[in-house]
Structures are given as structure tokens and as C-alpha cells.
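*Asks:* So here's input_8.cif (mmCIF, C-alpha atoms).
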```
data_entry
loop_
_atom_site.label_atom_id
_atom_site.label_comp_id
_atom_site.auth_asym_id
_atom_site.auth_seq_id
_atom_site.Cartn_x
_atom_site.Cartn_y
_atom_site.Cartn_z
CA MET A 1 -7.95 1.28 -17.83
CA HIS A 2 -4.56 1.97 -19.36
CA PHE A 3 -2.34 5.05 -19.02
CA LYS A 4 0.07 6.41 -21.56
CA ASP A 5 2.52 7.25 -18.75
CA ARG A 6 2.65 8.51 -15.16
CA HIS A 7 2.05 12.08 -16.28
CA GLU A 8 -1.31 11.17 -17.82
CA ALA A 9 -2.25 9.27 -14.64
CA GLY A 10 -1.39 12.33 -12.52
CA ILE A 11 -3.44 14.66 -14.71
CA LYS A 12 -6.48 12.35 -14.43
CA LEU A 13 -6.10 12.14 -10.65
CA ALA A 14 -5.87 15.94 -10.41
CA GLU A 15 -9.31 16.17 -12.05
CA LYS A 16 -10.72 14.23 -9.08
CA LEU A 17 -9.04 16.59 -6.61
CA LYS A 18 -10.20 19.97 -7.96
CA GLU A 19 -11.78 20.99 -4.66
CA TYR A 20 -8.28 21.35 -3.17
CA LYS A 21 -7.01 23.73 -5.85
CA ASN A 22 -5.12 26.71 -4.40
CA SER A 23 -5.64 25.40 -0.87
CA LYS A 24 -2.98 26.79 1.45
CA ASP A 25 -3.40 23.79 3.74
CA ALA A 26 -2.98 21.15 1.03
CA ILE A 27 0.24 19.32 0.26
CA VAL A 28 0.98 16.46 -2.13
CA LEU A 29 3.22 13.76 -0.68
CA ALA A 30 4.65 11.47 -3.35
CA ILE A 31 6.38 8.13 -2.79
CA PRO A 32 9.61 8.10 -4.85
CA ARG A 33 10.62 7.39 -7.32
CA GLY A 34 7.69 6.76 -9.71
CA GLY A 35 5.10 8.47 -7.54
CA VAL A 36 6.88 11.79 -7.95
CA GLU A 37 5.88 12.05 -11.63
CA VAL A 38 2.24 11.44 -10.65
CA GLY A 39 2.50 13.86 -7.72
CA TYR A 40 4.14 16.50 -9.92
CA GLU A 41 1.10 16.67 -12.19
CA ILE A 42 -1.31 16.77 -9.24
CA ALA A 43 0.62 19.53 -7.47
CA LYS A 44 0.98 21.53 -10.69
CA ALA A 45 -2.74 21.32 -11.50
CA LEU A 46 -3.84 22.16 -7.94
CA ASN A 47 -1.16 24.80 -7.37
CA VAL A 48 -0.04 23.25 -4.07
CA LYS A 49 3.26 22.09 -2.58
CA LEU A 50 4.91 18.84 -3.61
CA GLU A 51 7.05 16.90 -1.15
CA ILE A 52 8.36 13.35 -0.92
CA ILE A 53 7.64 10.64 1.62
CA VAL A 54 10.21 7.86 1.41
CA THR A 55 9.09 4.39 2.43
CA LYS A 56 10.57 1.06 1.36
CA LYS A 57 9.41 -2.51 1.57
CA ILE A 58 11.35 -5.33 3.20
CA GLY A 59 11.61 -8.20 0.75
CA LEU A 60 11.74 -11.90 1.54
CA GLN A 61 15.17 -13.57 1.45
CA GLY A 62 15.72 -14.84 -2.08
CA ASP A 63 12.63 -13.06 -3.41
CA GLU A 64 12.98 -9.32 -2.85
CA GLU A 65 9.76 -8.52 -4.75
CA PHE A 66 7.73 -10.44 -2.16
CA ALA A 67 7.10 -7.96 0.66
CA ILE A 68 7.20 -9.12 4.26
CA GLY A 69 7.13 -5.64 5.75
CA SER A 70 8.12 -2.03 5.21
CA ILE A 71 9.95 0.88 6.80
CA GLY A 72 8.55 4.40 7.05
CA PRO A 73 10.32 7.75 6.66
CA ASP A 74 10.86 7.88 10.43
CA LYS A 75 12.56 4.43 10.16
CA LYS A 76 9.76 2.66 12.01
CA VAL A 77 9.34 -0.96 10.93
CA MET A 78 6.05 -2.60 10.03
CA ILE A 79 6.20 -6.40 9.73
CA ASN A 80 3.68 -8.99 8.56
CA GLU A 81 4.00 -11.36 11.52
CA GLU A 82 2.09 -14.17 9.84
CA THR A 83 4.35 -14.13 6.78
CA ILE A 84 7.44 -14.04 9.00
CA ARG A 85 6.18 -17.11 10.82
CA ILE A 86 5.18 -19.04 7.69
CA TYR A 87 8.53 -18.45 5.97
CA ASN A 88 10.52 -18.73 9.20
CA VAL A 89 12.35 -15.46 8.53
CA PRO A 90 15.34 -15.04 10.90
CA GLU A 91 15.33 -12.06 13.27
CA ASP A 92 18.87 -11.11 12.26
CA TYR A 93 17.72 -10.82 8.63
CA ILE A 94 15.00 -8.35 9.67
CA GLU A 95 17.52 -6.36 11.72
CA GLY A 96 19.99 -6.31 8.83
CA GLN A 97 17.30 -5.12 6.42
CA LYS A 98 16.17 -2.45 8.87
CA LYS A 99 19.69 -0.97 9.04
CA GLU A 100 20.27 -1.19 5.29
CA ILE A 101 16.89 0.24 4.28
CA SER A 102 17.04 3.00 6.91
CA LYS A 103 20.34 4.15 5.38
CA GLU A 104 18.74 4.15 1.92
CA ILE A 105 15.77 6.18 3.16
CA GLU A 106 18.14 8.74 4.63
CA ARG A 107 20.23 8.75 1.44
CA ARG A 108 17.17 9.46 -0.69
CA TYR A 109 16.09 12.39 1.46
CA ARG A 110 19.59 13.83 1.21
CA ALA A 111 19.68 13.25 -2.56
CA TYR A 112 16.27 14.84 -3.19
CA LYS A 113 16.09 17.48 -0.46
CA GLY A 114 19.71 18.07 0.54
CA LYS A 115 19.11 16.77 4.08
CA TYR A 116 17.22 14.12 6.03
CA GLU A 117 14.37 16.13 7.48
CA LEU A 118 10.73 15.14 7.95
CA GLN A 119 8.17 17.88 7.52
CA SER A 120 5.44 18.54 10.07
CA LEU A 121 2.04 17.63 8.64
CA LYS A 122 -0.11 18.77 11.56
CA ASN A 123 -3.43 20.27 10.40
CA LYS A 124 -2.48 19.78 6.75
CA ILE A 125 -4.67 18.32 4.00
CA VAL A 126 -2.32 15.58 2.83
CA ILE A 127 -2.73 14.07 -0.63
CA LEU A 128 -0.63 10.92 -0.65
CA THR A 129 0.17 9.47 -4.07
CA ASP A 130 2.19 6.86 -5.92
CA ASP A 131 2.12 5.41 -9.44
CA GLY A 132 0.10 2.48 -8.09
CA ILE A 133 -0.32 0.08 -5.19
CA ALA A 134 0.88 -3.51 -5.47
CA THR A 135 1.23 -5.22 -2.07
CA GLY A 136 0.34 -2.08 -0.15
CA PHE A 137 3.24 -2.26 2.29
CA THR A 138 5.00 0.97 1.30
CA THR A 139 1.64 2.75 1.18
CA LYS A 140 0.70 1.52 4.66
CA ALA A 141 4.04 2.70 6.06
CA ALA A 142 3.40 6.16 4.57
CA ILE A 143 -0.17 6.24 5.92
CA ASN A 144 0.97 5.26 9.42
CA TYR A 145 3.59 8.03 9.49
CA ILE A 146 1.21 10.68 8.14
CA LYS A 147 -1.50 9.77 10.68
CA SER A 148 1.06 10.06 13.50
CA GLN A 149 1.52 13.69 12.44
CA LYS A 150 -2.18 14.49 13.02
CA PRO A 151 -3.14 15.98 9.64
CA LYS A 152 -6.50 17.69 9.10
CA LYS A 153 -7.31 15.21 6.34
CA LEU A 154 -5.54 12.31 4.61
CA ILE A 155 -6.42 11.52 1.00
CA LEU A 156 -4.82 8.61 -0.84
CA ALA A 157 -4.94 9.16 -4.61
CA VAL A 158 -3.51 6.50 -6.92
CA PRO A 159 -4.04 5.46 -10.54
CA VAL A 160 -4.30 1.69 -9.90
CA ALA A 161 -4.66 -0.78 -7.04
CA PRO A 162 -5.70 -4.41 -6.50
CA SER A 163 -9.39 -4.50 -5.55
CA ASN A 164 -8.75 -6.86 -2.62
CA LEU A 165 -6.94 -4.03 -0.77
CA ASN A 166 -9.68 -1.43 -1.20
CA ASN A 167 -11.64 -2.04 2.00
CA GLU A 168 -8.53 -2.12 4.18
CA ILE A 169 -7.21 1.10 2.64
CA LYS A 170 -10.53 2.93 3.01
CA LYS A 171 -10.54 2.22 6.74
CA ASN A 172 -7.18 3.95 7.19
CA VAL A 173 -7.66 7.17 5.21
CA ASP A 174 -10.29 9.91 5.09
CA GLU A 175 -10.69 9.64 1.32
CA PHE A 176 -9.51 7.05 -1.21
CA ILE A 177 -9.36 7.92 -4.90
CA CYS A 178 -8.38 5.13 -7.28
CA LEU A 179 -8.91 5.45 -11.03
CA HIS A 180 -8.79 1.72 -11.70
CA SER A 181 -9.11 -1.23 -9.35
CA THR A 182 -9.07 -4.88 -10.45
CA ASN A 183 -8.45 -8.43 -9.29
CA LEU A 184 -6.44 -9.06 -12.46
CA PHE A 185 -3.38 -7.39 -10.98
CA PHE A 186 0.12 -8.69 -11.64
CA SER A 187 2.27 -5.55 -11.55
CA ILE A 188 1.82 -1.78 -11.65
CA SER A 189 3.64 -1.59 -14.99
CA GLN A 190 0.90 -3.60 -16.75
CA PHE A 191 -1.34 -0.52 -16.64
CA TYR A 192 1.15 1.79 -18.38
CA ASP A 193 2.38 1.99 -21.97
CA TYR A 194 5.54 3.78 -20.84
CA PHE A 195 6.89 2.96 -17.39
CA PRO A 196 10.61 3.76 -17.09
CA GLN A 197 12.60 3.75 -13.87
CA LEU A 198 13.16 7.31 -12.66
CA GLU A 199 16.62 8.48 -11.63
CA ASP A 200 17.36 10.51 -8.50
CA LYS A 201 18.21 13.49 -10.69
CA GLU A 202 14.75 13.46 -12.29
CA VAL A 203 13.01 13.32 -8.92
CA LYS A 204 15.05 16.28 -7.71
CA ASN A 205 14.16 18.27 -10.86
CA TYR A 206 10.42 17.69 -10.40
CA LEU A 207 10.58 18.87 -6.79
CA LYS A 208 12.60 21.92 -7.76
CA GLU A 209 10.26 22.88 -10.60
CA ILE A 210 7.16 22.82 -8.39
CA SER A 211 9.00 24.75 -5.66
CA VAL A 212 9.96 27.49 -8.13
CA LYS A 213 6.38 27.63 -9.45
CA ASN A 214 4.95 27.94 -5.92
CA ASN A 215 7.38 30.74 -5.03
CA ARG A 216 6.24 32.72 -8.06
CA ASN A 217 2.59 32.55 -7.01
#
```
Just give me the structure as C-alpha cells.
*Replies:*
Amino acid sequence: MHFKDRHEAGIKLAEKLKEYKNSKDAIVLAIPRGGVEVGYEIAKALNVKLEIIVTKKIGLQGDEEFAIGSIGPDKKVMINEETIRIYNVPEDYIEGQKKEISKEIERRYRAYKGKYELQSLKNKIVILTDDGIATGFTTKAAINYIKSQKPKKLILAVPVAPSNLNNEIKKNVDEFICLHSTNLFFSISQFYDYFPQLEDKEVKNYLKEISVKNNRN
């Protein structure tokens, strides 16, 4: 399966989520930056709130794309202990990354929302989304935080994911919707014709547009 862009992916996901349309309890949580375009289309189609959940992976020294862990919106760290051991990653490197990434998480909340504030998700139907799952670390950090908030239901809805992660993901959410899953997975961008990097300003505009739409209804 191939998508023209993130907007098309979001529209297709929204078709699988019709039962939550106009639900007062439902909220779409998008992982910035790319996930916000997907989440925007879902929230618009379902007429529900759109918010962000900022998580970031911790990359290996010298190979930042290779994830060894991640940090959630509440700045809690999740580490792959086996990978740390195999690559002999120094503890001071982890601590340094924790401080640096925590500052970036806070910066993004301030840039997108005006302040670093985490919303209560208790008894909410949470639809978590991104433009795809690669290693799964940022997604797992988001799932862990959401579950700590005791939502009524947690749905993970993504356009693409590696099939080897499916079983693990399904165990940790109430519902998993994935439009395309494959073992032939090299990067999320391979499934899109148009996959630009989003700027902070664009993310902020998407959030604002949905907020204005919700206030009118």
C-alpha cells in the first residue's frame, strides 16, 4: 500500500474509526511532527479534539537513527537494556540525552500549545496516531504515558508498521488499526509519495484549525 501523503493516510484511517464520530469522550493524540497531519484528518472527520503527545527516541552514539530507548511526555525514560549492554552505552550518555531530550519535549509543548502542560486522559477514548511506526520506541513511550492516565479505551491507529511489532503492540492497546503491515520495512517514508518534514508553525496551525472548528460545533 502506498499513500499520496499524510493527509490521504489520515482520511483512510478515519474511515476505520467511524464509530467514534461526534463522541464527546474521544480525543485524537498525535505524535509530532508528522503524526499531526494524520491526526488532523482523523479529528476533522470524526469531529473530535486533536491534541499532541510529544515523545522522542534516544539514539545510539554515532547512529542517532538507531533507537536505544525513548522519553515520554512526562519525561520518563524507557531504555532497551539489552541494546545498552550489547553496545556498552555509557550511563553518562543516557543521562545527557535525558536532559537534552526532556528540554526539547518541553520546548515543543511550548511551541505548539504555549505552555508545557499534560492533559488528563482519565476515562477518555484515546486515539493515538502517527504517520507510521518504525522501531516502535516513541509509540511505546506514548502508550505507557496514556495507560498511566487510566483512559476508558486506547486505540492505536497508524498507516504503516513493521509486521514483527504487531503482536507486541496489540498486547498493549485495546484496539490496533494499521492500514498496511509488512516485513519489507526500511523507513516510513517509503510508503509515501510526498513526505516532507513539518515545521513547528505548521503543527501549530493544524491544532488551531481543529480547535476553532470544535468551538463552532
*Asks:* Can you measure CA of Lys115 in chain A to CA of Leu198 in chain A for me? One decimal in Å is fine.
*Replies:*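 Atom-to-atom, CA of Lys115 in chain A and CA of Leu198 in chain A are spaced 20.1 Å apart.
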*Asks:* Go through the shown structure with the PyMOL selection byres ((chain A and resi 11) around 8) and write out the matching residues as a list in words.
*Replies:*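 For this structure, the PyMOL selection byres ((chain A and resi 11) around 8) resolves to His7, Glu8, Ala9, Gly10, Lys12, Leu13, Ala14, Glu15, Val38, Glu41, Ile42 and Ala45 of chain A.
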*Asks:* Suppose you want the space between CA of Lys113 in chain A and CA of Glu51 in chain A; what is it in Å?
*Replies:*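 Between CA of Lys113 in chain A and CA of Glu51 in chain A the gap is 9.1 Å.
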*Asks:* Going by the chain IDs and residue numbers used in this file, which residues fall under the PyMOL selection byres ((chain A and resi 58-74) around 10)? Write them as a ChimeraX atom specification.
*Replies:* /A:52-57,75-84,87,89-90,93-94,97-98,101-102,105-106,109,116-118,134-146
*Asks:* Could you check the closest approach to Phe3 in chain A for each of A:Leu207, A:Val160, A:Leu50, A:Leu165 and tell me which residue wins, using all atoms listed in the file?
*Replies:*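 Smallest distance to Phe3 in chain A is found for A:Val160.
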*Asks:* Could you please determine the separation between CA of Leu128 in chain A and CA of Gly39 in chain A in Å, to one decimal place?
*Replies:*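 Calculated distance between CA of Leu128 in chain A and CA of Gly39 in chain A is 8.3 Å.
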*Asks:* Mind telling me what the PyMOL selection byres ((chain A and resi 17-21) around 10) catches here, as a PyMOL selection string?
*Replies:* chain A and resi 12-16+22-27+42-48+125+127+155+157+177
*Asks:* Excluding same-chain residues fewer than 4 positions from Lys153 in chain A, what lies within 9 Å of it counting all atoms listed in the file, as a list in words?
*Replies:*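 In the requested format, the answer is Asn123, Lys124, Ile125, Val126, Ile127, Val173, Asp174 and Glu175 of chain A.
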*Asks:* Could those selected residues go to a file with C-alpha atoms, as a CSV table (one decimal), in the coordinates of the input?
*Replies:*
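Below you can see again-v6.csv, which holds the result:
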```csv
chain,number,residue,atom,x,y,z
A,123,ASN,CA,-3.4,20.3,10.4
A,124,LYS,CA,-2.5,19.8,6.8
A,125,ILE,CA,-4.7,18.3,4.0
A,126,VAL,CA,-2.3,15.6,2.8
A,127,ILE,CA,-2.7,14.1,-0.6
A,173,VAL,CA,-7.7,7.2,5.2
A,174,ASP,CA,-10.3,9.9,5.1
A,175,GLU,CA,-10.7,9.6,1.3
```
*Asks:* Please determine, counting all atoms listed in the file, which residue among A:Val203, A:Lys49, A:Lys99, A:Met1 has the shortest atom-to-atom distance to Leu184 in chain A.
*Replies:*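 Using all atoms listed in the file, the shortest distance to Leu184 in chain A belongs to A:Met1.
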*Asks:* So for range 138-146 of chain A, what box centre and size do we get, axis-aligned, 6 Å extra on each of the six sides, every listed atom, Å to one decimal, as JSON?
*Replies:*
```
{"center_x": 2.4, "center_y": 5.8, "center_z": 5.3, "size_x": 17.2, "size_y": 21.7, "size_z": 20.3}
```
*Asks:* Would you mind listing what lies within 6 Å of Lys122 in chain A as an NGL selection string, with all atoms listed in the file counted and same-chain residues fewer than 5 positions away left out?
*Replies:* :A and (149-151)
*Asks:* Can you fill out range 175-186 of chain A with all heavy atoms and hand it back as a compact mmCIF listing (two decimals), in the frame of the given file?
*Replies:*
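So the final result, stored in out19.txt, reads:
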```txt
# COMPACT_ATOMS: atom_id res chain seq x y z
N GLU A 175 -10.14 9.73 2.68
CA GLU A 175 -10.69 9.64 1.32
C GLU A 175 -9.73 8.80 0.47
O GLU A 175 -8.51 8.95 0.55
CB GLU A 175 -10.83 11.05 0.73
CG GLU A 175 -11.55 11.12 -0.58
CD GLU A 175 -11.74 12.54 -1.10
OE1 GLU A 175 -11.51 13.50 -0.32
OE2 GLU A 175 -12.09 12.69 -2.27
N PHE A 176 -10.31 7.91 -0.34
CA PHE A 176 -9.51 7.05 -1.21
C PHE A 176 -9.97 7.25 -2.64
O PHE A 176 -11.13 6.98 -2.98
CB PHE A 176 -9.66 5.59 -0.78
CG PHE A 176 -8.89 4.61 -1.65
CD1 PHE A 176 -7.59 4.89 -2.06
CD2 PHE A 176 -9.47 3.41 -2.03
CE1 PHE A 176 -6.88 3.98 -2.85
CE2 PHE A 176 -8.77 2.49 -2.81
CZ PHE A 176 -7.47 2.79 -3.22
N ILE A 177 -9.07 7.72 -3.48
CA ILE A 177 -9.36 7.92 -4.90
C ILE A 177 -8.48 6.97 -5.70
O ILE A 177 -7.25 7.03 -5.62
CB ILE A 177 -9.09 9.38 -5.33
CG1 ILE A 177 -10.02 10.33 -4.57
CG2 ILE A 177 -9.28 9.55 -6.83
CD1 ILE A 177 -9.66 11.79 -4.72
N CYS A 178 -9.11 6.09 -6.45
CA CYS A 178 -8.38 5.13 -7.28
C CYS A 178 -9.07 5.09 -8.64
O CYS A 178 -10.27 4.80 -8.72
CB CYS A 178 -8.37 3.75 -6.63
SG CYS A 178 -7.48 2.50 -7.58
N LEU A 179 -8.31 5.39 -9.69
CA LEU A 179 -8.91 5.45 -11.03
C LEU A 179 -9.27 4.08 -11.58
O LEU A 179 -10.21 3.95 -12.35
CB LEU A 179 -7.94 6.16 -11.99
CG LEU A 179 -7.58 7.60 -11.63
CD1 LEU A 179 -6.56 8.15 -12.62
CD2 LEU A 179 -8.81 8.49 -11.60
N HIS A 180 -8.51 3.07 -11.19
CA HIS A 180 -8.79 1.72 -11.70
C HIS A 180 -8.39 0.68 -10.67
O HIS A 180 -7.26 0.65 -10.19
CB HIS A 180 -8.00 1.48 -13.00
CG HIS A 180 -8.29 0.15 -13.63
ND1 HIS A 180 -9.54 -0.24 -14.04
CD2 HIS A 180 -7.47 -0.91 -13.89
CE1 HIS A 180 -9.48 -1.46 -14.55
NE2 HIS A 180 -8.25 -1.89 -14.47
N SER A 181 -9.35 -0.17 -10.33
CA SER A 181 -9.11 -1.23 -9.35
C SER A 181 -9.58 -2.55 -9.95
O SER A 181 -10.66 -2.63 -10.53
CB SER A 181 -9.88 -0.92 -8.08
OG SER A 181 -9.60 -1.87 -7.08
N THR A 182 -8.75 -3.60 -9.82
CA THR A 182 -9.07 -4.88 -10.45
C THR A 182 -8.44 -6.04 -9.69
O THR A 182 -7.44 -5.87 -8.99
CB THR A 182 -8.57 -4.90 -11.91
OG1 THR A 182 -8.85 -6.18 -12.48
CG2 THR A 182 -7.08 -4.64 -11.99
N ASN A 183 -9.04 -7.20 -9.84
CA ASN A 183 -8.45 -8.43 -9.29
C ASN A 183 -7.37 -8.99 -10.21
O ASN A 183 -6.53 -9.77 -9.78
CB ASN A 183 -9.54 -9.50 -9.09
CG ASN A 183 -10.37 -9.23 -7.85
OD1 ASN A 183 -9.84 -8.81 -6.82
ND2 ASN A 183 -11.66 -9.47 -7.94
N LEU A 184 -7.42 -8.59 -11.47
CA LEU A 184 -6.44 -9.06 -12.46
C LEU A 184 -5.20 -8.19 -12.39
O LEU A 184 -4.89 -7.44 -13.32
CB LEU A 184 -7.06 -9.05 -13.86
CG LEU A 184 -8.30 -9.93 -14.04
CD1 LEU A 184 -8.93 -9.71 -15.40
CD2 LEU A 184 -7.94 -11.40 -13.85
N PHE A 185 -4.51 -8.29 -11.28
CA PHE A 185 -3.38 -7.39 -10.98
C PHE A 185 -2.10 -8.21 -10.81
O PHE A 185 -2.00 -9.05 -9.93
CB PHE A 185 -3.67 -6.64 -9.68
CG PHE A 185 -2.86 -5.39 -9.49
CD1 PHE A 185 -3.43 -4.14 -9.61
CD2 PHE A 185 -1.51 -5.47 -9.18
CE1 PHE A 185 -2.67 -2.99 -9.43
CE2 PHE A 185 -0.74 -4.33 -9.00
CZ PHE A 185 -1.34 -3.08 -9.13
N PHE A 186 -1.15 -7.97 -11.70
CA PHE A 186 0.12 -8.69 -11.64
C PHE A 186 1.29 -7.76 -11.30
O PHE A 186 2.18 -8.11 -10.55
CB PHE A 186 0.38 -9.41 -12.97
CG PHE A 186 -0.76 -10.32 -13.37
CD1 PHE A 186 -1.64 -9.94 -14.37
CD2 PHE A 186 -0.97 -11.52 -12.71
CE1 PHE A 186 -2.71 -10.76 -14.73
CE2 PHE A 186 -2.03 -12.35 -13.06
CZ PHE A 186 -2.90 -11.97 -14.07
```
